[in-house]
file target.cif (mmCIF, C-alpha atoms and all ligand atoms; chains and numbers go by the auth columns)
data_target
loop_
_atom_site.group_PDB
_atom_site.id
_atom_site.type_symbol
_atom_site.label_atom_id
_atom_site.label_comp_id
_atom_site.label_asym_id
_atom_site.label_seq_id
_atom_site.Cartn_x
_atom_site.Cartn_y
_atom_site.Cartn_z
_atom_site.B_iso_or_equiv
_atom_site.auth_seq_id
_atom_site.auth_asym_id
ATOM 1 C CA MET A 1 91.561 96.333 96.619 0.00 214 J
ATOM 2 C CA ARG A 2 92.363 92.744 97.444 0.00 215 J
ATOM 3 C CA VAL A 3 95.713 90.977 97.725 0.00 216 J
ATOM 4 C CA VAL A 4 95.941 87.457 96.314 0.00 217 J
ATOM 5 C CA PRO A 5 99.136 85.718 97.467 0.00 218 J
ATOM 6 C CA LEU A 6 100.585 83.139 95.069 0.00 219 J
ATOM 7 C CA ILE A 7 102.813 81.266 97.490 0.00 220 J
ATOM 8 C CA SER A 8 105.557 79.236 95.856 0.00 221 J
ATOM 9 C CA ALA A 9 106.339 75.663 96.730 0.00 222 J
ATOM 10 C CA GLY A 10 109.585 75.555 94.753 0.00 223 J
ATOM 11 C CA TYR A 11 112.386 77.895 93.709 0.00 224 J
ATOM 12 C CA ASP A 12 110.034 80.553 92.358 0.00 225 J
ATOM 13 C CA SER A 13 109.530 83.571 94.561 0.00 226 J
ATOM 14 C CA ASN A 14 106.089 84.267 95.918 0.00 227 J
ATOM 15 C CA ALA A 15 104.056 86.563 93.686 0.00 228 J
ATOM 16 C CA TYR A 16 101.324 88.877 94.913 0.00 229 J
ATOM 17 C CA VAL A 17 98.420 90.006 92.774 0.00 230 J
ATOM 18 C CA LEU A 18 96.891 93.288 93.884 0.00 231 J
ATOM 19 C CA LEU A 19 93.364 93.396 92.523 0.00 232 J
ATOM 20 C CA ALA A 20 93.108 97.177 92.674 0.00 233 J
ATOM 21 C CA GLU A 21 91.565 99.583 90.119 0.00 234 J
ATOM 22 C CA ARG A 22 94.897 99.213 88.355 0.00 235 J
ATOM 23 C CA VAL A 23 95.897 95.580 88.758 0.00 236 J
ATOM 24 C CA ALA A 24 99.475 95.097 89.939 0.00 237 J
ATOM 25 C CA VAL A 25 101.766 92.128 90.508 0.00 238 J
ATOM 26 C CA ILE A 26 104.670 92.180 92.957 0.00 239 J
ATOM 27 C CA ASP A 27 107.445 89.768 91.905 0.00 240 J
ATOM 28 C CA THR A 28 107.013 87.261 89.116 0.00 241 J
ATOM 29 C CA GLY A 29 109.009 84.098 89.891 0.00 242 J
ATOM 30 C CA LEU A 30 111.524 82.351 87.630 0.00 243 J
ATOM 31 C CA SER A 31 109.742 82.133 84.290 0.00 244 J
ATOM 32 C CA ALA A 32 106.873 83.594 82.277 0.00 245 J
ATOM 33 C CA GLU A 33 105.469 80.106 81.702 0.00 246 J
ATOM 34 C CA SER A 34 105.293 79.324 85.393 0.00 247 J
ATOM 35 C CA MET A 35 103.900 82.801 86.151 0.00 248 J
ATOM 36 C CA ARG A 36 101.069 82.342 83.627 0.00 249 J
ATOM 37 C CA SER A 37 100.017 79.029 85.132 0.00 250 J
ATOM 38 C CA ARG A 38 100.095 80.435 88.671 0.00 251 J
ATOM 39 C CA LEU A 39 97.798 83.301 87.588 0.00 252 J
ATOM 40 C CA ALA A 40 95.101 80.976 86.258 0.00 253 J
ATOM 41 C CA GLY A 41 91.730 81.795 87.791 0.00 254 J
ATOM 42 C CA VAL A 42 93.066 84.958 89.479 0.00 255 J
ATOM 43 C CA VAL A 43 93.660 87.457 86.673 0.00 256 J
ATOM 44 C CA GLN A 44 94.404 87.532 82.957 0.00 257 J
ATOM 45 C CA PRO A 45 98.076 88.505 82.467 0.00 258 J
ATOM 46 C CA GLU A 46 97.104 91.124 79.877 0.00 259 J
ATOM 47 C CA ASP A 47 94.918 92.904 82.466 0.00 260 J
ATOM 48 C CA VAL A 48 97.924 93.576 84.706 0.00 261 J
ATOM 49 C CA GLU A 49 99.030 97.222 84.399 0.00 262 J
ATOM 50 C CA VAL A 50 101.882 97.360 86.893 0.00 263 J
ATOM 51 C CA VAL A 51 104.663 94.903 87.724 0.00 264 J
ATOM 52 C CA VAL A 52 107.011 95.739 90.592 0.00 265 J
ATOM 53 C CA ASN A 53 110.093 93.649 91.287 0.00 266 J
ATOM 54 C CA THR A 54 111.396 93.853 94.862 0.00 267 J
ATOM 55 C CA HIS A 55 114.922 93.262 93.511 0.00 268 J
ATOM 56 C CA ALA A 56 116.749 91.991 90.424 0.00 269 J
ATOM 57 C CA HIS A 57 117.303 88.342 91.387 0.00 270 J
ATOM 58 C CA ILE A 58 116.035 86.107 88.601 0.00 271 J
ATOM 59 C CA ASP A 59 113.703 84.110 90.878 0.00 272 J
ATOM 60 C CA HIS A 60 111.794 87.400 91.444 0.00 273 J
ATOM 61 C CA CYS A 61 111.747 88.886 87.945 0.00 274 J
ATOM 62 C CA GLY A 62 112.148 85.968 85.505 0.00 275 J
ATOM 63 C CA GLY A 63 108.384 85.896 84.917 0.00 276 J
ATOM 64 C CA ASN A 64 108.067 89.561 83.883 0.00 277 J
ATOM 65 C CA GLY A 65 107.641 88.481 80.260 0.00 278 J
ATOM 66 C CA ALA A 66 104.194 87.072 81.088 0.00 279 J
ATOM 67 C CA PHE A 67 102.850 90.636 81.239 0.00 280 J
ATOM 68 C CA ALA A 68 102.608 92.219 77.780 0.00 281 J
ATOM 69 C CA ASN A 69 100.763 95.360 78.919 0.00 282 J
ATOM 70 C CA ALA A 70 102.375 96.108 82.261 0.00 283 J
ATOM 71 C CA ARG A 71 104.754 98.917 83.168 0.00 284 J
ATOM 72 C CA VAL A 72 107.675 97.216 84.916 0.00 285 J
ATOM 73 C CA MET A 73 109.254 98.965 87.910 0.00 286 J
ATOM 74 C CA LEU A 74 112.509 98.310 89.740 0.00 287 J
ATOM 75 C CA HIS A 75 114.755 100.299 92.076 0.00 288 J
ATOM 76 C CA GLU A 76 117.333 102.270 90.115 0.00 289 J
ATOM 77 C CA LEU A 77 120.263 100.602 91.889 0.00 290 J
ATOM 78 C CA ASP A 78 119.217 97.144 90.631 0.00 291 J
ATOM 79 C CA ALA A 79 118.625 98.249 87.026 0.00 292 J
ATOM 80 C CA GLU A 80 122.141 97.404 85.847 0.00 293 J
ATOM 81 C CA ALA A 81 121.849 93.822 87.129 0.00 294 J
ATOM 82 C CA ALA A 82 118.652 93.367 85.076 0.00 295 J
ATOM 83 C CA GLU A 83 119.917 95.144 81.958 0.00 296 J
ATOM 84 C CA SER A 84 123.177 93.162 81.899 0.00 297 J
ATOM 85 C CA GLY A 85 121.353 89.851 82.370 0.00 298 J
ATOM 86 C CA SER A 86 123.601 88.864 85.289 0.00 299 J
ATOM 87 C CA PHE A 87 120.980 89.356 88.002 0.00 300 J
ATOM 88 C CA TYR A 88 123.798 89.435 90.585 0.00 301 J
ATOM 89 C CA GLY A 89 124.926 85.961 89.601 0.00 302 J
ATOM 90 C CA THR A 90 121.495 84.378 90.025 0.00 303 J
ATOM 91 C CA ALA A 91 121.071 83.820 86.261 0.00 304 J
ATOM 92 C CA SER A 92 123.935 81.300 86.352 0.00 305 J
ATOM 93 C CA LEU A 93 122.827 80.002 89.763 0.00 306 J
ATOM 94 C CA PHE A 94 119.360 79.107 88.432 0.00 307 J
ATOM 95 C CA GLY A 95 120.509 78.495 84.851 0.00 308 J
ATOM 96 C CA THR A 96 117.880 80.800 83.364 0.00 309 J
ATOM 97 C CA GLY A 97 117.079 84.433 82.645 0.00 310 J
ATOM 98 C CA SER A 98 117.436 87.008 79.901 0.00 311 J
ATOM 99 C CA ALA A 99 118.198 90.708 80.232 0.00 312 J
ATOM 100 C CA TRP A 100 115.336 93.187 80.513 0.00 313 J
ATOM 101 C CA LYS A 101 114.987 96.903 81.067 0.00 314 J
ATOM 102 C CA PRO A 102 112.753 98.474 83.735 0.00 315 J
ATOM 103 C CA GLU A 103 110.307 101.098 82.461 0.00 316 J
ATOM 104 C CA ARG A 104 110.124 103.059 85.703 0.00 317 J
ATOM 105 C CA LEU A 105 113.095 103.424 88.020 0.00 318 J
ATOM 106 C CA LEU A 106 112.112 103.564 91.677 0.00 319 J
ATOM 107 C CA ARG A 107 113.674 105.424 94.578 0.00 320 J
ATOM 108 C CA GLU A 108 113.032 105.786 98.307 0.00 321 J
ATOM 109 C CA GLY A 109 109.708 107.459 99.067 0.00 322 J
ATOM 110 C CA MET A 110 108.153 107.109 95.624 0.00 323 J
ATOM 111 C CA LYS A 111 104.467 106.206 95.431 0.00 324 J
ATOM 112 C CA ILE A 112 102.944 103.686 93.046 0.00 325 J
ATOM 113 C CA GLU A 113 99.325 104.669 92.434 0.00 326 J
ATOM 114 C CA LEU A 114 96.854 101.866 91.786 0.00 327 J
ATOM 115 C CA GLY A 115 93.615 103.884 92.028 0.00 328 J
ATOM 116 C CA ASP A 116 92.091 102.562 95.250 0.00 329 J
ATOM 117 C CA ALA A 117 95.491 101.621 96.702 0.00 330 J
ATOM 118 C CA GLU A 118 98.918 103.177 96.925 0.00 331 J
ATOM 119 C CA LEU A 119 102.250 101.431 97.427 0.00 332 J
ATOM 120 C CA GLU A 120 105.094 103.298 99.095 0.00 333 J
ATOM 121 C CA VAL A 121 108.634 102.425 98.100 0.00 334 J
ATOM 122 C CA ILE A 122 110.969 101.783 101.022 0.00 335 J
ATOM 123 C CA HIS A 123 114.570 101.310 99.938 0.00 336 J
ATOM 124 C CA THR A 124 115.973 98.415 101.975 0.00 337 J
ATOM 125 C CA PRO A 125 119.450 97.569 100.624 0.00 338 J
ATOM 126 C CA GLY A 126 121.450 94.624 101.942 0.00 339 J
ATOM 127 C CA HIS A 127 120.189 91.548 100.096 0.00 340 J
ATOM 128 C CA THR A 128 120.904 93.531 96.895 0.00 341 J
ATOM 129 C CA PRO A 129 121.818 97.240 96.571 0.00 342 J
ATOM 130 C CA GLY A 130 118.401 98.101 95.131 0.00 343 J
ATOM 131 C CA SER A 131 116.166 95.839 97.226 0.00 344 J
ATOM 132 C CA ILE A 132 112.884 97.462 98.193 0.00 345 J
ATOM 133 C CA CYS A 133 109.963 96.778 100.458 0.00 346 J
ATOM 134 C CA LEU A 134 106.519 98.019 99.436 0.00 347 J
ATOM 135 C CA TYR A 135 104.181 99.381 102.081 0.00 348 J
ATOM 136 C CA LEU A 136 100.397 99.577 101.848 0.00 349 J
ATOM 137 C CA ARG A 137 99.981 102.096 104.645 0.00 350 J
ATOM 138 C CA GLU A 138 96.175 101.888 104.901 0.00 351 J
ATOM 139 C CA GLU A 139 96.281 98.138 105.414 0.00 352 J
ATOM 140 C CA ARG A 140 99.557 98.202 107.379 0.00 353 J
ATOM 141 C CA ALA A 141 100.805 95.549 104.979 0.00 354 J
ATOM 142 C CA LEU A 142 104.443 95.148 103.995 0.00 355 J
ATOM 143 C CA PHE A 143 105.726 93.278 100.951 0.00 356 J
ATOM 144 C CA SER A 144 109.229 92.502 102.143 0.00 357 J
ATOM 145 C CA GLY A 145 110.855 90.750 99.162 0.00 358 J
ATOM 146 C CA ASP A 146 113.948 88.873 100.370 0.00 359 J
ATOM 147 C CA THR A 147 114.698 91.338 103.159 0.00 360 J
ATOM 148 C CA LEU A 148 112.523 89.638 105.803 0.00 361 J
ATOM 149 C CA PHE A 149 110.724 86.282 106.038 0.00 362 J
ATOM 150 C CA ALA A 150 108.338 84.504 108.417 0.00 363 J
ATOM 151 C CA GLY A 151 109.903 83.424 111.669 0.00 364 J
ATOM 152 C CA GLY A 152 112.404 86.289 111.624 0.00 365 J
ATOM 153 C CA SER A 153 114.738 84.924 109.012 0.00 366 J
ATOM 154 C CA PHE A 154 116.204 87.343 106.484 0.00 367 J
ATOM 155 C CA GLY A 155 117.744 87.385 103.034 0.00 368 J
ATOM 156 C CA ARG A 156 121.255 86.144 102.314 0.00 369 J
ATOM 157 C CA THR A 157 123.985 88.714 101.762 0.00 370 J
ATOM 158 C CA ASP A 158 126.676 86.425 100.352 0.00 371 J
ATOM 159 C CA LEU A 159 125.665 86.941 96.711 0.00 372 J
ATOM 160 C CA GLU A 160 127.146 89.696 94.541 0.00 373 J
ATOM 161 C CA GLY A 161 126.072 93.123 95.828 0.00 374 J
ATOM 162 C CA GLY A 162 125.003 91.798 99.247 0.00 375 J
ATOM 163 C CA ASN A 163 125.876 93.777 102.385 0.00 376 J
ATOM 164 C CA MET A 164 125.075 92.592 105.919 0.00 377 J
ATOM 165 C CA ARG A 165 125.554 95.988 107.568 0.00 378 J
ATOM 166 C CA GLN A 166 123.057 97.559 105.157 0.00 379 J
ATOM 167 C CA LEU A 167 120.637 94.692 105.726 0.00 380 J
ATOM 168 C CA VAL A 168 120.684 95.308 109.495 0.00 381 J
ATOM 169 C CA GLU A 169 119.959 98.996 108.936 0.00 382 J
ATOM 170 C CA SER A 170 117.123 98.071 106.575 0.00 383 J
ATOM 171 C CA LEU A 171 115.599 95.695 109.137 0.00 384 J
ATOM 172 C CA ARG A 172 115.778 98.447 111.758 0.00 385 J
ATOM 173 C CA ARG A 173 113.865 100.747 109.406 0.00 386 J
ATOM 174 C CA ILE A 174 111.200 98.112 108.843 0.00 387 J
ATOM 175 C CA ALA A 175 110.910 97.678 112.614 0.00 388 J
ATOM 176 C CA GLU A 176 109.667 101.273 112.855 0.00 389 J
ATOM 177 C CA LEU A 177 106.658 100.569 110.626 0.00 390 J
ATOM 178 C CA GLU A 178 103.287 99.423 111.862 0.00 391 J
ATOM 179 C CA ILE A 179 102.880 95.960 110.370 0.00 392 J
ATOM 180 C CA GLU A 180 99.677 93.924 110.477 0.00 393 J
ATOM 181 C CA VAL A 181 100.462 91.651 107.547 0.00 394 J
ATOM 182 C CA LEU A 182 103.840 90.601 106.188 0.00 395 J
ATOM 183 C CA TYR A 183 103.954 89.365 102.593 0.00 396 J
ATOM 184 C CA PRO A 184 107.495 87.981 102.127 0.00 397 J
ATOM 185 C CA GLY A 185 109.260 86.989 98.929 0.00 398 J
ATOM 186 C CA HIS A 186 109.427 83.332 99.974 0.00 399 J
ATOM 187 C CA LEU A 187 107.613 81.151 102.544 0.00 400 J
ATOM 188 C CA GLU A 188 104.265 81.903 104.130 0.00 401 J
ATOM 189 C CA VAL A 189 102.369 85.119 104.865 0.00 402 J
ATOM 190 C CA VAL A 190 102.382 86.201 108.518 0.00 403 J
ATOM 191 C CA GLU A 191 99.772 88.300 110.326 0.00 404 J
ATOM 192 C CA GLY A 192 99.246 90.237 113.564 0.00 405 J
ATOM 193 C CA GLU A 193 101.505 89.728 116.572 0.00 406 J
ATOM 194 C CA GLU A 194 103.503 87.107 114.705 0.00 407 J
ATOM 195 C CA ALA A 195 104.364 89.621 111.979 0.00 408 J
ATOM 196 C CA ARG A 196 105.598 92.192 114.480 0.00 409 J
ATOM 197 C CA GLU A 197 107.621 89.543 116.325 0.00 410 J
ATOM 198 C CA CYS A 198 109.388 88.336 113.229 0.00 411 J
ATOM 199 C CA VAL A 199 110.741 91.852 112.559 0.00 412 J
ATOM 200 C CA GLU A 200 112.199 92.022 116.077 0.00 413 J
ATOM 201 C CA VAL A 201 113.662 88.513 115.881 0.00 414 J
ATOM 202 C CA ALA A 202 115.256 89.314 112.512 0.00 415 J
ATOM 203 C CA CYS A 203 116.800 92.555 113.817 0.00 416 J
ATOM 204 C CA GLU A 204 118.358 90.786 116.796 0.00 417 J
ATOM 205 C CA ALA A 205 119.604 87.848 114.785 0.00 418 J
ATOM 206 C CA ALA A 206 121.081 89.956 111.977 0.00 419 J
ATOM 207 C CA GLU A 207 122.873 92.292 114.378 0.00 420 J
ATOM 208 C CA ARG A 208 124.966 89.346 115.580 0.00 421 J
ATOM 209 C CA PHE A 209 126.558 89.127 112.126 0.00 422 J
ATOM 210 C CA ILE A 210 128.088 92.614 112.153 0.00 423 J
HETATM 211 ZN ZN ZN B . 116.768 87.456 96.255 0.00 501 C
#
call {"tool": "encode", "arguments": {"input": "target.cif", "output": "structure tokens"}}
result
Amino acid sequence: MRVVPLISAGYDSNAYVLLAERVAVIDTGLSAESMRSRLAGVVQPEDVEVVVNTHAHIDHCGGNGAFANARVMLHELDAEAAESGSFYGTASLFGTGSAWKPERLLREGMKIELGDAELEVIHTPGHTPGSICLYLREERALFSGDTLFAGGSFGRTDLEGGNMRQLVESLRRIAELEIEVLYPGHLEVVEGEEARECVEVACEAAERFI
């Protein structure tokens, strides 16, 4: 298994390609067109079997349509935002997005099997009610969506469905994990000591808001 980060320079979220026995993509950016061009030279979109969205903001799931053969997974608490096409107000914020329906609804503790890798679902509400982080325990790697970023910054909670108190609790949960690599939803990937530090910094900083 190998993780290929597709780091975004613009409004798109980062996307992560997991080249496992079953190829998976975590988050898909704003549009299918942009997603397809970002995948060039990494994987054919039709070879992707699993798409997981860390939450139902349109900059993280707007590119799902690039994957004709994938089973799309989202936390159950964010399903309504995707099915209604509101995406917690981010469809109007970004001026794009059409409704879609997840094929597998995720909950805390569920496992996503990829053959030679397994993702654990950690429910981390706050940025949205159904935000999740995905943990590759063997690699001590955490895909943190918009819950936690490099440098100890964290996702906004002022959009529809956001909740600062929940976000603080979610950051505290993440702080209990062993993290060697942090793959956030925006900005750069962080490794080693720096990754552990950014969890602590985020916890401290977020606690000041409640
Ligand atoms: Zn978001």
call {"tool": "closest_atom_pairs", "arguments": {"input": "target.cif", "of": "chain J", "to": "ligand ZN 501 (chain C)", "cutoff": "10 Å", "atoms": "all atoms listed in the file", "output": "Markdown table"}}
result
| residue | atom | partner | partner_atom | distance |
| --- | --- | --- | --- | --- |
| J:Ser226 | CA | C:ZN501 | ZN | 8.4 |
| J:Thr267 | CA | C:ZN501 | ZN | 8.5 |
| J:His268 | CA | C:ZN501 | ZN | 6.7 |
| J:Ala269 | CA | C:ZN501 | ZN | 7.4 |
| J:His270 | CA | C:ZN501 | ZN | 5.0 |
| J:Ile271 | CA | C:ZN501 | ZN | 7.8 |
| J:Asp272 | CA | C:ZN501 | ZN | 7.0 |
| J:His273 | CA | C:ZN501 | ZN | 6.9 |
| J:Cys274 | CA | C:ZN501 | ZN | 9.8 |
| J:Phe300 | CA | C:ZN501 | ZN | 9.5 |
| J:Tyr301 | CA | C:ZN501 | ZN | 9.2 |
| J:Thr303 | CA | C:ZN501 | ZN | 8.4 |
| J:His340 | CA | C:ZN501 | ZN | 6.6 |
| J:Thr341 | CA | C:ZN501 | ZN | 7.4 |
| J:Ser344 | CA | C:ZN501 | ZN | 8.5 |
| J:Gly358 | CA | C:ZN501 | ZN | 7.4 |
| J:Asp359 | CA | C:ZN501 | ZN | 5.2 |
| J:Thr360 | CA | C:ZN501 | ZN | 8.2 |
| J:Gly368 | CA | C:ZN501 | ZN | 6.8 |
| J:Arg369 | CA | C:ZN501 | ZN | 7.7 |
| J:Thr370 | CA | C:ZN501 | ZN | 9.2 |
| J:Leu372 | CA | C:ZN501 | ZN | 8.9 |
| J:Gly375 | CA | C:ZN501 | ZN | 9.8 |
| J:Gly398 | CA | C:ZN501 | ZN | 8.0 |
| J:His399 | CA | C:ZN501 | ZN | 9.2 |
call {"tool": "closest_residue", "arguments": {"input": "target.cif", "among": "J:Leu306, J:Leu380, J:Leu231, J:Ala279", "to": "Ala418 (chain J)", "atoms": "all atoms listed in the file"}}
result
J:Leu380
call {"tool": "residues_around", "arguments": {"input": "target.cif", "residues": "region 244-251 of chain J", "least_positions_apart": "3", "cutoff": "9 Å", "atoms": "all atoms listed in the file", "output": "list in words"}}
result
Leu219, Asp225, Ala228, Thr241, Gly254, Val255, Gln257, Pro258, Ile271, Asp272, Cys274, Gly275, Gly276, Asn277, Gly278, Ala279, Phe280, Thr309 and Gly310 of chain J
call {"tool": "write_last_selection", "arguments": {"input": "target.cif", "atoms": "C-alpha atoms", "output": "CSV table (one decimal), keeping the file's coordinate frame"}}
result
chain,number,residue,atom,x,y,z
J,219,LEU,CA,100.6,83.1,95.1
J,225,ASP,CA,110.0,80.6,92.4
J,228,ALA,CA,104.1,86.6,93.7
J,241,THR,CA,107.0,87.3,89.1
J,254,GLY,CA,91.7,81.8,87.8
J,255,VAL,CA,93.1,85.0,89.5
J,257,GLN,CA,94.4,87.5,83.0
J,258,PRO,CA,98.1,88.5,82.5
J,271,ILE,CA,116.0,86.1,88.6
J,272,ASP,CA,113.7,84.1,90.9
J,274,CYS,CA,111.7,88.9,87.9
J,275,GLY,CA,112.1,86.0,85.5
J,276,GLY,CA,108.4,85.9,84.9
J,277,ASN,CA,108.1,89.6,83.9
J,278,GLY,CA,107.6,88.5,80.3
J,279,ALA,CA,104.2,87.1,81.1
J,280,PHE,CA,102.8,90.6,81.2
J,309,THR,CA,117.9,80.8,83.4
J,310,GLY,CA,117.1,84.4,82.6
call {"tool": "closest_atom_pairs", "arguments": {"input": "target.cif", "of": "region 367-397 of chain J", "to": "region 347-353 of chain J", "cutoff": "6 Å", "atoms": "only C-alpha atoms", "output": "Markdown table"}}
result
| residue | atom | partner | partner_atom | distance |
| --- | --- | --- | --- | --- |
| J:Glu391 | CA | J:Arg353 | CA | 6.0 |
| J:Ile392 | CA | J:Arg353 | CA | 5.0 |
| J:Glu393 | CA | J:Arg353 | CA | 5.3 |
call {"tool": "write_last_selection", "arguments": {"input": "target.cif", "atoms": "C-alpha atoms", "output": "PDB file, keeping the file's coordinate frame"}}
result
ATOM      1  CA  GLU J 391     103.287  99.423 111.862  1.00  0.00           C
ATOM      2  CA  ILE J 392     102.880  95.960 110.370  1.00  0.00           C
ATOM      3  CA  GLU J 393      99.677  93.924 110.477  1.00  0.00           C
TER       4      GLU J 393
END
call {"tool": "atom_distance", "arguments": {"input": "target.cif", "atom1": "CA of Ser299 (chain J)", "atom2": "CA of Trp313 (chain J)"}}
result
10.5 Å
call {"tool": "closest_residue", "arguments": {"input": "target.cif", "among": "J:Met286, J:Val261, J:Ala363, J:Leu243", "to": "Glu404 (chain J)", "atoms": "all atoms listed in the file"}}
result
J:Ala363
call {"tool": "residues_around", "arguments": {"input": "target.cif", "residues": "region 319-327 of chain J", "least_positions_apart": "2", "cutoff": "8 Å", "atoms": "all atoms listed in the file", "output": "MDAnalysis selection string"}}
result
chainID J and resid 233:237 286:289 317 329:336
call {"tool": "atom_distance", "arguments": {"input": "target.cif", "atom1": "CA of Asp260 (chain J)", "atom2": "CA of Ser221 (chain J)"}}
result
21.9 Å
call {"tool": "atom_distance", "arguments": {"input": "target.cif", "atom1": "CA of Ala294 (chain J)", "atom2": "CA of Val412 (chain J)"}}
result
27.8 Å
call {"tool": "closest_residue", "arguments": {"input": "target.cif", "among": "J:Ser297, J:Arg409, J:Asp240, J:Gly328", "to": "Val285 (chain J)", "atoms": "all atoms listed in the file"}}
result
J:Asp240
call {"tool": "closest_residue", "arguments": {"input": "target.cif", "among": "J:Gly302, J:Phe307, J:Met377, J:Leu318", "to": "Thr337 (chain J)", "atoms": "only C-alpha atoms"}}
result
J:Met377
call {"tool": "closest_residue", "arguments": {"input": "target.cif", "among": "J:Gly405, J:Pro397, J:Gly343, J:Pro338", "to": "Asn376 (chain J)", "atoms": "only C-alpha atoms"}}
result
J:Pro338
call {"tool": "residues_around", "arguments": {"input": "target.cif", "residues": "Tyr396 (chain J)", "least_positions_apart": "5", "cutoff": "7 Å", "atoms": "all atoms listed in the file", "output": "ChimeraX atom specification"}}
result
/J:355-357,402-403
call {"tool": "write_last_selection", "arguments": {"input": "target.cif", "atoms": "C-alpha atoms", "output": "PDB file, keeping the file's coordinate frame"}}
result
ATOM      1  CA  LEU J 355     104.443  95.148 103.995  1.00  0.00           C
ATOM      2  CA  PHE J 356     105.726  93.278 100.951  1.00  0.00           C
ATOM      3  CA  SER J 357     109.229  92.502 102.143  1.00  0.00           C
ATOM      4  CA  VAL J 402     102.369  85.119 104.865  1.00  0.00           C
ATOM      5  CA  VAL J 403     102.382  86.201 108.518  1.00  0.00           C
TER       6      VAL J 403
END
